[in-house]
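Peer 1: Data file data-v1.txt (compact mmCIF, C-alpha atoms) is appended below.
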```txt
# COMPACT_ATOMS: atom_id res chain seq x y z
CA MET A 237 0.00 0.00 0.00
CA GLU A 238 1.48 3.30 -1.06
CA GLN A 239 1.70 6.12 1.43
CA ASN A 240 0.13 9.41 0.45
CA PRO A 241 2.93 12.05 0.48
CA ASN A 242 0.34 14.77 1.08
CA THR A 243 -0.58 13.13 4.33
CA ILE A 244 3.03 13.26 5.54
CA SER A 245 3.47 16.88 4.53
CA GLU A 246 0.20 17.79 6.20
CA ARG A 247 1.35 16.12 9.39
CA VAL A 248 4.64 18.04 9.30
CA ILE A 249 2.86 21.33 8.73
CA ARG A 250 0.42 20.58 11.53
CA LYS A 251 3.27 19.74 13.87
CA ILE A 252 5.04 23.00 13.02
CA GLU A 253 1.88 24.96 13.70
CA GLU A 254 1.21 23.16 16.98
CA ASP A 255 4.76 23.71 18.28
CA ASN A 256 4.94 27.26 16.97
CA VAL A 257 8.22 26.45 15.19
CA ALA A 258 9.69 29.50 13.45
CA PRO A 259 12.62 29.45 11.03
CA LEU A 260 15.86 30.97 12.30
CA GLY A 261 17.47 33.74 10.33
CA LYS A 262 20.69 33.00 8.48
CA TRP A 263 22.41 35.74 10.43
CA ARG A 264 22.18 33.66 13.59
CA PHE A 265 24.15 30.80 12.07
CA VAL A 266 26.68 33.24 10.64
CA LEU A 267 27.04 34.94 14.02
CA LYS A 268 27.48 31.62 15.82
CA ASN A 269 30.07 30.47 13.30
CA ASN A 270 32.03 33.72 13.46
CA THR A 271 31.85 33.74 17.26
CA PHE A 272 33.62 30.39 17.44
CA TRP A 273 36.32 31.63 15.06
CA VAL A 274 36.79 34.75 17.18
CA LEU A 275 37.04 32.58 20.30
CA TRP A 276 39.66 30.45 18.55
CA GLY A 277 41.63 33.58 17.71
CA LEU A 278 41.32 34.75 21.31
CA SER A 279 42.59 31.40 22.60
CA VAL A 280 45.57 31.65 20.24
CA LEU A 281 46.27 35.20 21.45
CA ILE A 282 46.19 34.15 25.10
CA GLY A 283 48.34 31.16 24.20
CA ALA A 284 50.80 33.55 22.57
CA CYS A 285 50.90 35.58 25.78
CA ALA A 286 51.69 32.38 27.69
CA ILE A 287 54.51 31.62 25.25
CA ALA A 288 55.93 35.15 25.55
CA ALA A 289 55.92 34.90 29.34
CA THR A 290 57.47 31.43 29.19
CA ILE A 291 60.30 32.69 26.99
CA PHE A 292 60.87 35.57 29.38
CA VAL A 293 60.96 33.19 32.36
CA PHE A 294 63.43 30.81 30.73
CA ILE A 295 65.78 33.58 29.64
CA ASN A 296 65.67 35.35 33.02
CA ALA A 297 65.64 32.31 35.29
CA GLY A 298 69.15 32.92 36.60
CA TRP A 299 71.06 30.36 34.54
CA ARG A 300 74.28 32.30 34.98
CA TYR A 301 74.21 31.90 38.76
CA GLN A 302 72.41 28.59 39.20
CA GLN A 303 75.48 26.97 40.78
CA ILE A 304 75.49 29.76 43.36
CA THR A 305 71.77 29.89 44.17
CA HIS A 306 71.01 26.14 44.03
CA ASP A 307 72.61 22.97 45.31
CA SER A 308 71.89 20.99 42.13
CA LEU A 309 70.80 21.47 38.54
CA SER A 310 67.64 19.42 39.12
CA GLN A 311 66.66 21.69 42.01
CA PHE A 312 67.16 24.71 39.76
CA PHE A 313 64.99 23.23 37.00
CA PHE A 314 62.21 22.39 39.44
CA ASP A 315 62.37 25.91 40.86
CA MET A 316 62.26 27.75 37.53
CA ILE A 317 59.73 25.76 35.45
CA PRO A 318 56.78 28.13 34.76
CA LEU A 319 53.97 25.63 35.42
CA PHE A 320 51.37 28.40 35.46
CA TRP A 321 52.13 29.43 31.88
CA ILE A 322 52.59 25.86 30.63
CA VAL A 323 49.17 24.85 32.00
CA SER A 324 47.63 28.04 30.62
CA PHE A 325 49.07 27.33 27.18
CA GLY A 326 47.76 23.75 27.20
CA LEU A 327 44.31 24.97 28.21
CA MET A 328 44.28 27.53 25.39
CA VAL A 329 45.24 24.84 22.85
CA PHE A 330 42.33 22.69 24.04
CA LEU A 331 39.90 25.62 23.87
CA GLY A 332 41.18 26.46 20.41
CA TYR A 333 40.41 22.93 19.22
CA TYR A 334 36.97 23.04 20.85
CA ASN A 335 36.06 26.32 19.16
CA VAL A 336 37.24 25.26 15.69
CA ARG A 337 35.29 22.01 15.90
CA HIS A 338 32.11 24.01 16.56
CA THR A 339 32.40 26.13 13.43
CA SER A 340 30.33 25.25 10.37
CA ARG A 341 33.24 23.47 8.67
CA GLY A 342 35.21 22.49 11.74
CA TYR A 343 34.35 18.81 11.28
CA ARG A 344 36.61 18.76 8.22
CA PHE A 345 39.74 19.45 10.26
CA SER A 346 41.50 16.66 12.09
CA PHE A 347 42.46 16.94 15.74
CA PHE A 348 46.19 17.06 14.97
CA LEU A 349 45.79 19.72 12.29
CA VAL A 350 43.85 22.03 14.60
CA VAL A 351 46.25 21.49 17.51
CA ILE A 352 49.36 22.01 15.38
CA ALA A 353 47.88 25.17 13.83
CA SER A 354 47.02 26.55 17.27
CA VAL A 355 50.45 25.71 18.70
CA VAL A 356 52.37 27.19 15.75
CA ALA A 357 50.25 30.35 15.73
CA SER A 358 50.77 30.78 19.49
CA ILE A 359 54.53 30.22 19.27
CA VAL A 360 54.92 32.72 16.43
CA GLY A 361 52.73 35.26 18.20
CA GLY A 362 54.48 34.69 21.54
CA THR A 363 57.90 35.16 19.98
CA ILE A 364 56.78 38.45 18.48
CA LEU A 365 55.31 39.62 21.79
CA TYR A 366 58.54 38.79 23.60
CA ALA A 367 60.63 40.47 20.88
CA ILE A 368 58.76 43.75 21.29
CA GLY A 369 59.51 43.67 25.02
CA ILE A 370 56.24 42.85 26.79
CA GLY A 371 57.19 39.41 28.08
CA LYS A 372 57.92 40.85 31.53
CA ASP A 373 54.60 42.73 31.63
CA ILE A 374 52.73 39.53 30.83
CA ASP A 375 54.65 37.52 33.43
CA ASP A 376 53.97 40.22 36.04
CA PHE A 377 50.25 39.67 35.43
CA ARG A 378 50.36 36.57 37.65
CA TYR A 379 51.71 38.50 40.65
CA PRO A 380 48.44 38.43 42.69
CA ILE A 381 47.92 34.69 42.02
CA PRO A 382 48.99 32.49 44.97
CA PHE A 383 52.04 30.26 44.32
CA ALA A 384 52.58 31.86 40.91
CA ASP A 385 55.10 34.64 41.53
CA PRO A 386 56.70 36.30 38.47
CA ILE A 387 60.27 35.24 37.74
CA THR A 388 61.55 38.68 38.82
CA ILE A 389 60.11 38.14 42.31
CA ILE A 390 61.42 34.58 42.44
CA GLU A 391 64.91 35.74 41.49
CA GLU A 392 64.83 38.52 44.08
CA ASN A 393 63.86 36.01 46.76
CA ARG A 394 66.73 33.72 45.76
CA TRP A 395 69.18 36.56 46.29
CA ASN A 396 67.71 37.63 49.61
CA ASN A 397 68.90 34.65 51.59
CA ALA A 398 71.27 35.82 54.32
CA GLY A 399 71.67 32.28 55.62
CA ARG A 400 73.13 31.28 52.27
CA GLY A 401 75.26 34.40 51.95
CA LEU A 402 73.20 35.98 49.16
CA PHE A 403 71.89 39.54 49.17
CA SER A 404 70.35 41.94 46.65
CA GLY A 405 68.97 45.42 46.72
CA ILE A 406 69.45 49.07 45.85
CA VAL A 407 72.61 50.97 46.77
CA LYS A 408 71.72 53.75 49.21
CA SER A 409 75.21 54.93 50.01
CA PHE A 410 78.86 53.92 49.66
CA ASP A 411 81.92 55.34 51.39
CA ASN A 412 85.17 53.99 50.01
CA ASN A 413 87.19 55.60 52.78
CA SER A 414 85.28 53.94 55.59
CA GLN A 415 84.76 50.82 53.43
CA SER A 416 81.03 50.88 54.13
CA LEU A 417 78.09 50.14 51.85
CA THR A 418 74.42 50.61 52.77
CA LEU A 419 71.99 48.48 50.77
CA ILE A 420 68.20 48.73 50.77
CA LEU A 421 66.98 45.14 50.59
CA THR A 422 63.79 44.03 48.84
CA SER A 423 62.06 43.87 52.22
CA GLY A 424 62.81 47.57 52.74
CA GLU A 425 65.39 46.83 55.44
CA GLU A 426 68.69 48.69 55.28
CA LYS A 427 71.82 46.57 55.63
CA VAL A 428 75.40 47.79 56.04
CA PHE A 429 78.28 45.84 54.46
CA PHE A 430 82.01 46.00 55.03
CA THR A 431 83.62 46.42 51.59
CA GLY A 432 87.28 45.93 52.46
CA GLU A 433 87.32 42.57 50.69
CA LEU A 434 86.21 44.03 47.35
CA GLY A 435 88.55 44.85 44.49
CA ASP A 436 88.64 47.77 42.11
CA MET A 437 86.36 46.05 39.61
CA ASP A 438 83.51 45.99 42.15
CA ILE A 439 83.56 49.71 42.91
CA PRO A 440 81.94 50.92 39.62
CA GLU A 441 78.90 48.75 40.47
CA LEU A 442 78.39 50.63 43.75
CA LEU A 443 76.64 53.64 42.26
CA LEU A 444 73.85 55.38 44.12
CA GLY A 445 70.56 53.73 43.15
CA ALA A 446 72.21 50.77 41.40
CA HIS A 447 70.49 47.39 41.67
CA ILE A 448 73.13 44.82 42.62
CA ARG A 449 73.72 41.29 43.93
CA ILE A 450 76.17 40.58 46.74
CA ILE A 451 77.83 37.37 47.86
CA GLY A 452 78.93 37.82 51.45
CA GLY A 453 78.64 36.74 55.06
CA TYR A 454 79.28 37.57 58.68
CA ASP A 455 82.76 37.84 60.14
CA ALA A 456 84.00 35.62 62.97
CA ASP A 457 82.61 37.98 65.63
CA LEU A 458 79.24 38.27 63.86
CA THR A 459 79.58 42.04 64.04
CA LEU A 460 80.14 42.82 60.37
CA THR A 461 78.49 41.67 57.17
CA VAL A 462 81.36 41.33 54.70
CA ALA A 463 80.76 41.84 50.98
CA CYS A 464 82.94 39.40 49.03
CA VAL A 465 81.62 39.78 45.48
CA VAL A 466 79.42 42.42 43.84
CA LEU A 467 77.51 41.51 40.70
CA PRO A 468 75.22 43.70 38.59
CA TRP A 469 71.54 42.94 38.31
CA GLU A 470 70.86 42.43 34.62
CA THR A 471 67.74 44.03 33.20
CA PRO A 472 65.07 41.31 32.76
CA GLY A 473 64.44 40.54 29.11
CA VAL A 474 67.78 41.94 27.92
CA PRO A 475 70.21 39.26 26.61
CA TYR A 476 73.09 38.57 28.95
CA ASN A 477 76.28 40.51 28.25
CA PRO A 478 79.31 38.72 29.75
CA ARG A 479 81.26 41.98 29.87
CA GLN A 480 78.97 43.12 32.66
CA ILE A 481 80.21 40.32 34.93
CA HIS A 482 83.37 40.85 36.92
CA LEU A 483 85.53 37.79 37.44
CA PRO A 484 87.86 37.16 40.39
CA ARG A 485 91.26 38.81 40.30
CA GLU A 486 92.97 35.51 39.66
CA LEU A 487 91.28 35.69 36.24
CA GLU A 488 91.41 39.42 35.47
CA ASN A 489 93.99 40.72 37.99
CA GLU A 490 91.41 43.10 39.41
CA ARG A 491 90.09 41.38 42.53
CA LYS A 492 92.13 40.36 45.52
CA GLU A 493 93.98 37.09 45.24
CA ASP A 494 92.19 34.35 47.14
CA THR A 495 95.18 34.06 49.47
CA ASP A 496 94.65 37.71 50.44
CA ARG A 497 91.06 37.18 51.42
CA THR A 498 89.91 36.63 54.97
CA SER A 499 88.48 33.29 56.01
CA THR A 500 85.06 34.97 56.05
CA CYS A 501 84.90 34.99 52.25
CA LYS A 502 86.81 31.76 51.67
CA ASP A 503 84.46 29.85 53.98
CA ILE A 504 81.26 31.06 52.28
CA LYS A 505 79.84 28.30 50.08
CA PRO A 506 78.34 30.62 47.41
CA TYR A 507 81.74 32.31 47.07
CA GLN A 508 83.37 28.93 46.55
CA LYS A 509 80.73 28.10 43.93
CA TYR A 510 81.31 31.48 42.32
CA LYS A 511 85.02 30.75 41.96
CA GLU A 512 84.26 27.33 40.46
CA ALA A 513 81.70 28.72 38.01
CA PHE A 514 83.85 31.58 36.75
CA SER A 515 87.27 29.97 36.75
CA ASN A 516 86.55 27.49 33.95
```
Any chance you could put this one into structure tokens?

Peer 2:
Amino acid sequence: MEQNPNTISERVIRKIEEDNVAPLGKWRFVLKNNTFWVLWGLSVLIGACAIAATIFVFINAGWRYQQITHDSLSQFFFDMIPLFWIVSFGLMVFLGYYNVRHTSRGYRFSFFLVVIASVVASIVGGTILYAIGIGKDIDDFRYPIPFADPITIIEENRWNNAGRGLFSGIVKSFDNNSQSLTLILTSGEEKVFFTGELGDMDIPELLLGAHIRIIGGYDADLTLTVACVVLPWETPGVPYNPRQIHLPRELENERKEDTDRTSTCKDIKPYQKYKEAFSN
């Protein structure tokens, strides 16, 4: 028995009328499709920001001084890995894939193609963002987030460890005659150092307002904090210039010979590590 097509069409029309079904305008589909593409672009942009911050972190993680600030290379790696930005980047790649798949033609693209496109676009964009100098600004964005300090804060904390013989801060005053240096630490505390152990190559670093690192320690009587080595604080994001680093006198004939130093400096572990790192 043949089915009457008019009966089927009548049923469909009746159903539409009963459910008050109204056709959607084409603009809605276009808007939805474009929205998902915009969201994909936004995820790539945020992923690029994560890449720019990651590059900044890796370049400014303190590789030059890792033997001084850490007991092992593995400890240094664990301390400097930017998990926040790595997780953020992975999340953006996932969201990028999700948004592309929900476009009108997203089903045509394979998972690997979408992921690779998102990753490459983010890496290119992140490299550009870092190159124009906003990697630090992006990394500073995570400052209020618990357990996600920017690398600049992490590095400052590493060099504010009196128990390890590491100090950093801003030069408030320096008197070469009295061999006295006053440093404003990150905490805001003022600390006075005895500079009699420093050589001529350290003195140019002791300019008013200069941001410096100091390797030092207390004397035998615990009455003086002795500065053994002064190192400049490189500007974050600027490639390292080895001419800014001052080596021991045994290498450049500018610092005191190790035999001339007091036991205060020779017994400080970071100073020993410093000698090992810069004598090769």

Peer 1: Which is closest to A:Phe292 among A:Phe314, A:Thr363, A:Ser324, A:Gly342, if we use all atoms listed in the file?

Peer 2: A:Thr363

Peer 1: Which distance in Å separates atom CA of A:Phe272 and atom CA of A:Ile368, to one decimal?

Peer 2: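 These two atoms are separated by 28.7 Å.
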
Peer 1: Restricting the calculation to all atoms listed in the file, which member of A:Ser358, A:Gln508, A:Thr500, A:Thr459 is positioned closest to A:Ile282?

Peer 2: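 Answer, going by the shortest atom-to-atom distance: A:Ser358.
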
Peer 1: Between atom CA of A:Ile295 and atom CA of A:Leu467, what is the spacing in Å?

Peer 2: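 One can read the atom CA of A:Leu467 to atom CA of A:Ile295 distance as 18.0 Å.
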
Peer 1: With all atoms listed in the file as the atoms that count, which of A:Gly399, A:Gly452, A:Gly283, A:Gly405 lies nearest to A:Leu434?

Peer 2: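 Of A:Gly399, A:Gly452, A:Gly283, A:Gly405, the one nearest A:Leu434, counting all atoms listed in the file, is A:Gly452.
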
Peer 1: Which residues, written as a list in words, have at least one atom at most 9 Å from A:Pro318, with only C-alpha atoms counted and residues fewer than 2 positions away on the same chain left out?

Peer 2: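 Near neighbours after the sequence-gap exclusion: Ala289, Thr290, Val293, Phe294, Asp315, Met316, Phe320, Trp321, Ile322, Val323, Ala384, Pro386 and Ile387 of chain A.
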
Peer 1: Nearest residue to A:Phe312 out of A:Ile390, A:Val355, A:Leu281, A:Val329, using all atoms listed in the file?

Peer 2: A:Ile390

Peer 1: What does the distance between atom CA of A:Pro468 and atom CA of A:His447 come to in Å, to one decimal place?

Peer 2: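 It comes out at 6.7 Å.
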
Peer 1: With distances taken over all atoms listed in the file, which of A:Gly369, A:Glu391, A:Tyr454, A:Ser409 is nearest to A:Gly298?

Peer 2: A:Glu391
